[in-house]
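Reviewing the structure listed below.
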Amino acid sequence: MSTVYLVRHGQAGTRDAYDSLSELGERQARLLGGHFIAQGIRFSSAYAGSLTRQQQTAEQIRAAYADAVVAFPTVRVDSGWDEFDLGRVYREIAPLLVAEDPEFLHEYDEIREQVRVSQGAPGARIHRRWMPCDTKVVEAWLSGRYPYSGETWDQFRERVAACRLKMLDARQESEARQENDARQENDARHENILVVTSATPLAIWTGLSLEISDQRIMRLAGAVYNASYTILRLRKEQLRLFTFNAVPHLAAPGLCTHR
């Protein structure tokens with residue numbers, strides 16, 4: 001059995017430069033690493049998606065362990081944990097929604113104007129809120145009712161779900177290397193695994209454990225805090241949820257964010 005700690009990346013950048021951590025996001029991730037250390041949590045393996053904000057979050061957690069002189073595994077990069085490409089969804093589907101939905105056109109124009117006026121200020125409200133047209137364009141992508149040349153929702157969900165098999169394969173390889181050492185073999189029967197990902201992949205795995213619908217998965221994704229952690233137990237291919245969206249390390253005012 002493995003205990004999997006799914007971590008959402010820290011607060012990211014602005015809407016037009018989202019794939020990097022803000023200063024607050026770096027602090028959130030470092031605090032999470034400190035929390036894990038204080039709780040005596042040691043990881044036998046660690047994974048992160050290939051996106052910059054995911055990699056930077058993993059690095060801040062690793063740095064916290066290094067500062068405390070506590071061992072931390074090499075982070076394996078696995079693009080299976082990447083978030084879906086919201087920018088591409090907007091580029092391809094938003095023009096189709098604009099053509100048929102005047103309300104969406106108004107909302108979309110308003111977002112673009114607010115982004116322009118913000119001049120890239122990280123604290124501007126437009127960069128930290130999920131807007132109604134964000135929901136509409138994602139729902140349109142999820143439903144598959146418009147042409148889209150990128151990854152479909154079904155393909156995305158299956159990609160993320162397939163990470164279970166890759167994780168199990170990696171564990172079997174590790175156990176095979178340790179089969180001649182009884183003590184290590186016993187230790188390997190239960191291990192802590194860190195995964196740094198994004199809100200929707202985290203929600204997909206949570207949804208798999210709860211056997212819920214795609215629409216409810218997206219509701220879970222919308223609730224996930226930056227630099228939160230969710231704990232699941234993985235036994236063979238079965239997932240069991242123990243903790244969702246925990247942020248005890250972000251108790252100070254102003255540290256909890258969603259975007």
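Letters A, B, ... go to the chains of the structure tokens in the order shown; residues in each chain start at 1; ligands are counted from 1 in the same order.
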Please provide as a ChimeraX atom specification all residues within 10 Å of region 203-219 of chain A, with the sequence filter that same-chain residues fewer than 6 positions apart are discarded (counting only C-alpha atoms). /A:6,8,135,138-139,142-143,153-154,156-158,160-161,163-164,230-234,238-245
Would you give me, as a PyMOL selection string, the residues in region 21-99 of chain A that DSSP reads as strand (DSSP E or B)? chain A and resi 21+45-48+75-77
Please list as a PyMOL selection string every residue within 7 Å of Ala48 (chain A), counting only C-alpha atoms and excluding residues in the same chain fewer than 6 positions away. chain A and resi 54-55+58+75-78+81+195-197
Since we have the selection now, will you write its residues out, keeping N, CA and C atoms, as a PDB file, in the first residue's frame?
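The result, stored in again_16.pdb:
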```pdb
ATOM      1  N   GLN A  54       4.435  23.756 -11.544  1.00  0.00           N
ATOM      2  CA  GLN A  54       4.513  22.505 -10.799  1.00  0.00           C
ATOM      3  C   GLN A  54       5.959  22.209 -10.394  1.00  0.00           C
ATOM      4  N   GLN A  55       6.874  22.409 -11.331  1.00  0.00           N
ATOM      5  CA  GLN A  55       8.286  22.179 -11.040  1.00  0.00           C
ATOM      6  C   GLN A  55       8.799  23.121  -9.948  1.00  0.00           C
ATOM      7  N   ALA A  58       7.556  21.954  -6.536  1.00  0.00           N
ATOM      8  CA  ALA A  58       8.337  20.808  -6.071  1.00  0.00           C
ATOM      9  C   ALA A  58       9.710  21.246  -5.568  1.00  0.00           C
ATOM     10  N   VAL A  75      13.053  14.233  -7.757  1.00  0.00           N
ATOM     11  CA  VAL A  75      11.709  14.427  -8.305  1.00  0.00           C
ATOM     12  C   VAL A  75      11.667  13.941  -9.750  1.00  0.00           C
ATOM     13  N   ARG A  76      10.796  13.001 -10.009  1.00  0.00           N
ATOM     14  CA  ARG A  76      10.628  12.488 -11.364  1.00  0.00           C
ATOM     15  C   ARG A  76       9.600  13.346 -12.100  1.00  0.00           C
ATOM     16  N   VAL A  77       9.962  13.784 -13.286  1.00  0.00           N
ATOM     17  CA  VAL A  77       9.055  14.617 -14.085  1.00  0.00           C
ATOM     18  C   VAL A  77       8.164  13.708 -14.917  1.00  0.00           C
ATOM     19  N   ASP A  78       6.861  13.897 -14.780  1.00  0.00           N
ATOM     20  CA  ASP A  78       5.879  13.089 -15.516  1.00  0.00           C
ATOM     21  C   ASP A  78       4.788  14.014 -16.036  1.00  0.00           C
ATOM     22  N   TRP A  81       0.881  14.332 -15.229  1.00  0.00           N
ATOM     23  CA  TRP A  81       0.280  15.131 -14.157  1.00  0.00           C
ATOM     24  C   TRP A  81       0.017  16.576 -14.581  1.00  0.00           C
ATOM     25  N   VAL A 195       3.243  13.891  -5.001  1.00  0.00           N
ATOM     26  CA  VAL A 195       2.932  14.256  -6.381  1.00  0.00           C
ATOM     27  C   VAL A 195       2.555  15.735  -6.409  1.00  0.00           C
ATOM     28  N   VAL A 196       3.307  16.523  -7.164  1.00  0.00           N
ATOM     29  CA  VAL A 196       2.980  17.943  -7.322  1.00  0.00           C
ATOM     30  C   VAL A 196       2.308  18.122  -8.675  1.00  0.00           C
ATOM     31  N   THR A 197       1.078  18.571  -8.652  1.00  0.00           N
ATOM     32  CA  THR A 197       0.272  18.655  -9.864  1.00  0.00           C
ATOM     33  C   THR A 197      -0.560  19.934  -9.831  1.00  0.00           C
TER      34      THR A 197
END
```
Using DSSP on the backbone coordinates, identify all residues within region 26-204 of chain A classified as alpha helix (DSSP H); present the result as a PyMOL selection string. chain A and resi 26-38+52-67+86-100+102-118+132-143+153-161+163-177+182-188+199-204
Non-local contacts of region 95-97 of chain A (12 Å; only C-alpha atoms; under 5 positions in same chain excluded) as a VMD selection string: chain A and resid 88 to 90 102 to 109 133 to 134 136 to 141 145 to 148
If we count only C-alpha atoms, what is near region 18-33 of chain A at a cut-off of 8 Å, once residues fewer than 5 positions away on the same chain are taken out, given as a list in words?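 Near region 18-33 of chain A, the qualifying residues are His9, Gly10, Gln11, Ala12, Gly13, Leu51, Thr52, Arg53, Gln56, Thr57, Ala58, Gln60, Ile61, Arg62, Ala63, Ala64, Tyr65, Pro122, Asn226, Ala227, Ser228, His249, Leu250 and Leu255 of chain A.
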Selection near region 123-129 of chain A, 6 Å with only C-alpha atoms, sequence-local residues under 4 positions removed, as a ChimeraX atom specification: /A:14-15,259
Set the distance at 9 Å and use only C-alpha atoms: which residues neighbour Ser44 (chain A) once local chain neighbours fewer than 2 positions away are removed? I'd like the list as a list in words. Arg42, Ala46, Phe72, Pro73, Ala188, Glu191, Asn192, Ile193 and Leu194 of chain A
Using CA of Gln39 (chain A) and CA of Pro248 (chain A) as the two end points, give the distance in Å to one decimal.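 Interatomic distance here is 11.3 Å.
Minimum distance to Glu83 (chain A) across A:Pro201, A:Gly150, A:Gly120, A:Pro132 (counting only C-alpha atoms) occurs at A:Pro201.
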Restricting the calculation to only C-alpha atoms: of A:Gly80, A:Ala17, A:Ala170, A:Thr74, which residue gets closest to Gln119 (chain A)?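 For Gln119 (chain A), the nearest of the given residues is A:Ala17.
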